[in-house]
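The next block holds one structure in the form of structure tokens; read it before the comments.
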Amino acid sequence: MDTAAAEWTTAREGPQARRAGRRLAAWCAGLLLAAVSVVVGCRAADSDGFSPVPQVLAFLPWLLAPAGLALLLALLGRWRLGMVWALAVLGLLAWFIEPYGKTDEPGGAPVAEFRVLTSNVEFGRGTGSLVPEIRRHKPDLVFVEECEDTCRTRLTRDFGADYPYRQAVAAEGSAGSVILSRFPLKGTQGVVGTMGMPGAVADVHGHAVRLQLAHPMPPLPGQVGLWRRELGRLRDAAAAARTPMILAGDFNASQDHAAFRRILDTGLQDAARLTGHPRTPTWPARTTPTFGTQIDHVLVSRDFSATSAHFLHLPDTDHRALLVDLTLHQRP
């Protein structure tokens, strides 16, 4: 009799345990989908939301992993609504992972070819590894972010003859920045920001090209509004340009941020995307290219075409440098 009762109890507990497991799987799927849906919803609404959404948006493609796990859990939990929800989220992610905006080829004849390098040297610590890359690749324009006094001194000492023209914001720590140029420069008012963002007009073989270094504040918790405002100032500078323009640097933003897309909406194009690298990560350098996000950009007006882009690993800095070859075309 006792044996029969035990067998009946075991048989009863089996279905209950399975139902409990399915409920747990469904709950876990719901929690994952709720978190991912907040971020995807902000992306769909063309908004950067509030912390931690802007920080997570930078890694939007990686949300495929928790969304896929949620779908698996919904299947295990036999939660039909969750399955439909997960499939919808995965579909939206796949849609948004596509490169943003259209690309246009310049209509005019080519008038100049040159090379541009941008690098964040992390409080100047990466200067020593940037110097040999400049010597090796010989860019015509160099945008250097977080270039404090020792960085500027080193670059002036090593490249004073090769780059006789420069425009800088002299400051310590992350606030210092410099543009080095083989072309004659006329200094202009840069973009106001917490960190230095100098600007200039280059004479590229008789053609005026507006240069602007980008280095807005990162979207740290409590500073998302400041980050958005400084990206907005860069957007205003791009919209006001009446000559061919290059806007390059560490934007602390990717194409999945609405504030960055508004810069692209002025007519600028990402040179990395033009060469087939729309999402090659540049930060954090310690985990790239396996994991990361592309926040370092060379944006160009539609007067330019791009033929190549290379991402350079520099020791002692948390950013990869970006090297692009550009061609300036005559306006039709």
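By order in the structure tokens, chains are A, B, ...; within a chain, residues start at 1; ligands start at 1, following the order shown.
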
Name the residues in contact with Leu33 in chain A at a cut-off of 9 Å, using only C-alpha atoms, excluding same-chain residues fewer than 6 positions from it; report them as a PyMOL selection string.
-> chain A and resi 66-67+70-71+82+85-86+89

N, CA, C and O atoms of the current selection, written as a PDB file, in the first residue's frame:
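part06.pdb, written as the output of this step:
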```
ATOM      1  N   PRO A  66      19.993  38.350 -25.893  1.00  0.00           N
ATOM      2  CA  PRO A  66      18.911  38.151 -24.915  1.00  0.00           C
ATOM      3  C   PRO A  66      17.543  37.963 -25.569  1.00  0.00           C
ATOM      4  O   PRO A  66      16.703  37.225 -25.031  1.00  0.00           O
ATOM      5  N   ALA A  67      17.312  38.596 -26.723  1.00  0.00           N
ATOM      6  CA  ALA A  67      16.030  38.398 -27.405  1.00  0.00           C
ATOM      7  C   ALA A  67      15.908  36.963 -27.909  1.00  0.00           C
ATOM      8  O   ALA A  67      14.834  36.347 -27.822  1.00  0.00           O
ATOM      9  N   ALA A  70      15.221  34.791 -24.966  1.00  0.00           N
ATOM     10  CA  ALA A  70      13.819  34.924 -24.561  1.00  0.00           C
ATOM     11  C   ALA A  70      12.906  34.076 -25.439  1.00  0.00           C
ATOM     12  O   ALA A  70      11.952  33.462 -24.951  1.00  0.00           O
ATOM     13  N   LEU A  71      13.193  34.032 -26.737  1.00  0.00           N
ATOM     14  CA  LEU A  71      12.395  33.188 -27.637  1.00  0.00           C
ATOM     15  C   LEU A  71      12.525  31.716 -27.245  1.00  0.00           C
ATOM     16  O   LEU A  71      11.523  30.983 -27.207  1.00  0.00           O
ATOM     17  N   GLY A  82       4.496  35.097 -25.682  1.00  0.00           N
ATOM     18  CA  GLY A  82       5.926  35.389 -25.587  1.00  0.00           C
ATOM     19  C   GLY A  82       6.668  35.061 -26.863  1.00  0.00           C
ATOM     20  O   GLY A  82       7.604  35.778 -27.259  1.00  0.00           O
ATOM     21  N   TRP A  85       5.890  37.841 -29.245  1.00  0.00           N
ATOM     22  CA  TRP A  85       6.596  39.033 -28.757  1.00  0.00           C
ATOM     23  C   TRP A  85       8.080  38.950 -29.105  1.00  0.00           C
ATOM     24  O   TRP A  85       8.660  39.908 -29.637  1.00  0.00           O
ATOM     25  N   ALA A  86       8.689  37.821 -28.824  1.00  0.00           N
ATOM     26  CA  ALA A  86      10.123  37.655 -29.101  1.00  0.00           C
ATOM     27  C   ALA A  86      10.414  37.766 -30.590  1.00  0.00           C
ATOM     28  O   ALA A  86      11.401  38.392 -30.998  1.00  0.00           O
ATOM     29  N   VAL A  89      10.305  41.421 -31.564  1.00  0.00           N
ATOM     30  CA  VAL A  89      11.503  42.135 -31.111  1.00  0.00           C
ATOM     31  C   VAL A  89      12.701  41.782 -31.988  1.00  0.00           C
ATOM     32  O   VAL A  89      13.479  42.662 -32.397  1.00  0.00           O
TER      33      VAL A  89
END
```

Enumerate as a PyMOL selection string all residues of range 51-235 of chain A assigned to helix (DSSP H, G or I) by DSSP on the backbone, naming them with the chain letters and numbers the document uses.
-> chain A and resi 53-57+60-76+80-97+127-137+149-159+173-175+224-235

Using only C-alpha atoms, find the one residue out of A:Leu31, A:Val53, A:Ala109, A:Leu299 that sits nearest to Pro244 in chain A.
->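 Comparing A:Leu31, A:Val53, A:Ala109, A:Leu299 against Pro244 in chain A, the winner is A:Leu299.
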
Name the closest residue to Gln255 in chain A among the candidates A:Gly41, A:Gly126, A:Pro278, A:Gly176; distances are taken between atoms, counting only C-alpha atoms.
-> A:Pro278

Please identify all polymer residues within 10 Å of Phe96 in chain A, counting only C-alpha atoms, omitting same-chain residues fewer than 2 positions from it, and present them as a list in words.
-> Val40, Arg43, Ala44, Leu60, Pro61, Leu90, Gly91, Leu92, Leu93, Ala94, Glu98, Pro99, Tyr100, Gln255 and Asp256 of chain A

Please identify all polymer residues within 7 Å of range 200-202 of chain A, counting only C-alpha atoms, omitting same-chain residues fewer than 5 positions from it, and present them as a count of residues only.
-> 12

Of the candidates A:Pro54, A:Pro132, A:Gly101, A:Pro332, which shows the shortest atom-to-atom distance to Arg228 in chain A, using only C-alpha atoms?
-> A:Pro54

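Once Glu122 in chain A and its same-chain neighbours fewer than 3 positions away are set aside, Ser119, Arg125, Gly126, Thr127, Val144, Glu145, Glu146, Cys147, Glu148, Gly173, Ser174, Asp316, Thr317, Asp318 and His319 of chain A remain within 10 Å of it when counting only C-alpha atoms.
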
Those same residues, written as an mmCIF file, in the first residue's frame with all heavy atoms?
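Dumped to again19.cif:
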```
data_model
loop_
_atom_site.group_PDB
_atom_site.id
_atom_site.type_symbol
_atom_site.label_atom_id
_atom_site.label_comp_id
_atom_site.auth_asym_id
_atom_site.auth_seq_id
_atom_site.Cartn_x
_atom_site.Cartn_y
_atom_site.Cartn_z
ATOM 1 N N SER A 119 41.981 59.736 -33.899
ATOM 2 C CA SER A 119 42.400 58.862 -32.809
ATOM 3 C C SER A 119 42.164 59.539 -31.466
ATOM 4 O O SER A 119 42.569 60.682 -31.256
ATOM 5 C CB SER A 119 43.887 58.507 -32.941
ATOM 6 O OG SER A 119 44.322 57.716 -31.853
ATOM 7 N N ARG A 125 47.812 59.047 -23.197
ATOM 8 C CA ARG A 125 48.621 57.845 -22.962
ATOM 9 C C ARG A 125 48.935 57.084 -24.244
ATOM 10 O O ARG A 125 49.932 56.369 -24.312
ATOM 11 C CB ARG A 125 47.908 56.927 -21.965
ATOM 12 C CG ARG A 125 47.869 57.459 -20.545
ATOM 13 C CD ARG A 125 47.472 56.374 -19.567
ATOM 14 N NE ARG A 125 46.057 56.069 -19.653
ATOM 15 C CZ ARG A 125 45.122 56.565 -18.835
ATOM 16 N NH1 ARG A 125 45.461 57.415 -17.893
ATOM 17 N NH2 ARG A 125 43.850 56.213 -18.972
ATOM 18 N N GLY A 126 48.083 57.200 -25.262
ATOM 19 C CA GLY A 126 48.312 56.483 -26.504
ATOM 20 C C GLY A 126 49.150 57.236 -27.518
ATOM 21 O O GLY A 126 49.329 56.763 -28.649
ATOM 22 N N THR A 127 49.701 58.391 -27.134
ATOM 23 C CA THR A 127 50.468 59.199 -28.089
ATOM 24 C C THR A 127 51.668 58.431 -28.633
ATOM 25 O O THR A 127 51.960 58.477 -29.837
ATOM 26 C CB THR A 127 50.948 60.507 -27.431
ATOM 27 O OG1 THR A 127 49.830 61.175 -26.835
ATOM 28 C CG2 THR A 127 51.602 61.420 -28.452
ATOM 29 N N VAL A 144 43.112 64.456 -33.295
ATOM 30 C CA VAL A 144 43.528 63.751 -32.079
ATOM 31 C C VAL A 144 42.721 64.275 -30.894
ATOM 32 O O VAL A 144 42.783 65.461 -30.567
ATOM 33 C CB VAL A 144 45.035 63.918 -31.799
ATOM 34 C CG1 VAL A 144 45.456 62.997 -30.652
ATOM 35 C CG2 VAL A 144 45.859 63.618 -33.045
ATOM 36 N N GLU A 145 41.979 63.371 -30.253
ATOM 37 C CA GLU A 145 41.188 63.721 -29.085
ATOM 38 C C GLU A 145 41.928 63.295 -27.813
ATOM 39 O O GLU A 145 42.715 62.365 -27.825
ATOM 40 C CB GLU A 145 39.815 63.043 -29.126
ATOM 41 C CG GLU A 145 38.997 63.353 -30.362
ATOM 42 C CD GLU A 145 39.356 62.456 -31.535
ATOM 43 O OE1 GLU A 145 39.251 61.226 -31.403
ATOM 44 O OE2 GLU A 145 39.757 63.006 -32.592
ATOM 45 N N GLU A 146 41.629 64.009 -26.724
ATOM 46 C CA GLU A 146 42.263 63.792 -25.422
ATOM 47 C C GLU A 146 43.776 63.973 -25.527
ATOM 48 O O GLU A 146 44.552 63.217 -24.930
ATOM 49 C CB GLU A 146 41.875 62.433 -24.837
ATOM 50 C CG GLU A 146 40.364 62.293 -24.645
ATOM 51 C CD GLU A 146 39.946 61.149 -23.750
ATOM 52 O OE1 GLU A 146 40.800 60.670 -22.960
ATOM 53 O OE2 GLU A 146 38.774 60.759 -23.826
ATOM 54 N N CYS A 147 44.168 64.966 -26.291
ATOM 55 C CA CYS A 147 45.596 65.279 -26.511
ATOM 56 C C CYS A 147 45.974 66.426 -25.577
ATOM 57 O O CYS A 147 45.784 67.599 -25.909
ATOM 58 C CB CYS A 147 45.811 65.649 -27.978
ATOM 59 S SG CYS A 147 47.544 65.909 -28.432
ATOM 60 N N GLU A 148 46.490 66.075 -24.404
ATOM 61 C CA GLU A 148 46.870 67.093 -23.418
ATOM 62 C C GLU A 148 48.264 67.623 -23.722
ATOM 63 O O GLU A 148 48.799 67.406 -24.820
ATOM 64 C CB GLU A 148 46.738 66.538 -22.000
ATOM 65 C CG GLU A 148 47.108 65.080 -21.836
ATOM 66 C CD GLU A 148 48.589 64.824 -22.026
ATOM 67 O OE1 GLU A 148 49.352 65.054 -21.070
ATOM 68 O OE2 GLU A 148 48.971 64.390 -23.122
ATOM 69 N N GLY A 173 44.144 66.700 -19.462
ATOM 70 C CA GLY A 173 43.253 65.560 -19.407
ATOM 71 C C GLY A 173 42.535 65.305 -20.713
ATOM 72 O O GLY A 173 43.102 65.428 -21.799
ATOM 73 N N SER A 174 41.249 65.002 -20.602
ATOM 74 C CA SER A 174 40.479 64.661 -21.791
ATOM 75 C C SER A 174 40.025 65.868 -22.581
ATOM 76 O O SER A 174 39.496 65.723 -23.682
ATOM 77 C CB SER A 174 39.239 63.844 -21.374
ATOM 78 O OG SER A 174 38.386 64.633 -20.559
ATOM 79 N N ASP A 316 47.718 51.241 -25.179
ATOM 80 C CA ASP A 316 47.645 52.324 -24.191
ATOM 81 C C ASP A 316 46.496 53.292 -24.409
ATOM 82 O O ASP A 316 46.472 54.374 -23.813
ATOM 83 C CB ASP A 316 48.970 53.107 -24.127
ATOM 84 C CG ASP A 316 50.166 52.211 -23.863
ATOM 85 O OD1 ASP A 316 50.047 51.325 -23.003
ATOM 86 O OD2 ASP A 316 51.202 52.369 -24.538
ATOM 87 N N THR A 317 45.552 52.966 -25.274
ATOM 88 C CA THR A 317 44.337 53.758 -25.395
ATOM 89 C C THR A 317 43.156 52.821 -25.574
ATOM 90 O O THR A 317 43.305 51.707 -26.095
ATOM 91 C CB THR A 317 44.407 54.754 -26.562
ATOM 92 O OG1 THR A 317 43.139 55.419 -26.698
ATOM 93 C CG2 THR A 317 44.736 54.062 -27.870
ATOM 94 N N ASP A 318 41.976 53.267 -25.121
ATOM 95 C CA ASP A 318 40.793 52.411 -25.178
ATOM 96 C C ASP A 318 40.012 52.565 -26.471
ATOM 97 O O ASP A 318 38.914 52.012 -26.590
ATOM 98 C CB ASP A 318 39.883 52.685 -23.975
ATOM 99 C CG ASP A 318 39.442 54.136 -23.883
ATOM 100 O OD1 ASP A 318 40.039 54.991 -24.569
ATOM 101 O OD2 ASP A 318 38.508 54.431 -23.108
ATOM 102 N N HIS A 319 40.553 53.296 -27.444
ATOM 103 C CA HIS A 319 39.912 53.457 -28.744
ATOM 104 C C HIS A 319 40.819 52.939 -29.852
ATOM 105 O O HIS A 319 42.046 53.089 -29.779
ATOM 106 C CB HIS A 319 39.627 54.943 -29.040
ATOM 107 C CG HIS A 319 38.534 55.539 -28.223
ATOM 108 N ND1 HIS A 319 37.298 55.838 -28.730
ATOM 109 C CD2 HIS A 319 38.491 55.898 -26.912
ATOM 110 C CE1 HIS A 319 36.542 56.368 -27.792
ATOM 111 N NE2 HIS A 319 37.240 56.408 -26.671
#
```

Residues within 8 Å of Gly77 in chain A, only C-alpha atoms, excluding chain neighbours under 3 positions, as a ChimeraX atom specification | /A:21-26,73-74

Name the residues of range 92-129 of chain A that fall into strand (DSSP E or B) according to DSSP on the backbone, using the chain letters and numbers of this document, as a PyMOL selection string.
-> chain A and resi 110-120

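Distances here use only C-alpha atoms; by that measure, the residue among A:Pro52, A:Gly30, A:Gly196, A:Gly267 closest to Ala240 in chain A is A:Gly267.
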
Residues within 7 Å of Asp149 in chain A, only C-alpha atoms, excluding chain neighbours under 2 positions, as a compact mmCIF listing (two decimals) with N, CA and C atoms, in the first residue's frame:
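Listing of out.txt after writing:
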```
# COMPACT_ATOMS: atom_id res chain seq x y z
N CYS A 147 44.17 64.97 -26.29
CA CYS A 147 45.60 65.28 -26.51
C CYS A 147 45.97 66.43 -25.58
N CYS A 151 51.06 65.33 -25.01
CA CYS A 151 50.70 64.84 -26.35
C CYS A 151 50.99 65.90 -27.40
N ARG A 152 50.53 67.12 -27.17
CA ARG A 152 50.77 68.19 -28.15
C ARG A 152 52.26 68.46 -28.32
N THR A 153 53.01 68.43 -27.21
CA THR A 153 54.46 68.65 -27.28
C THR A 153 55.12 67.57 -28.12
N ALA A 171 44.44 72.07 -23.34
CA ALA A 171 43.81 71.76 -22.05
C ALA A 171 44.39 70.46 -21.53
N GLU A 172 44.23 70.26 -20.25
CA GLU A 172 44.73 69.04 -19.63
C GLU A 172 43.69 67.91 -19.72
```
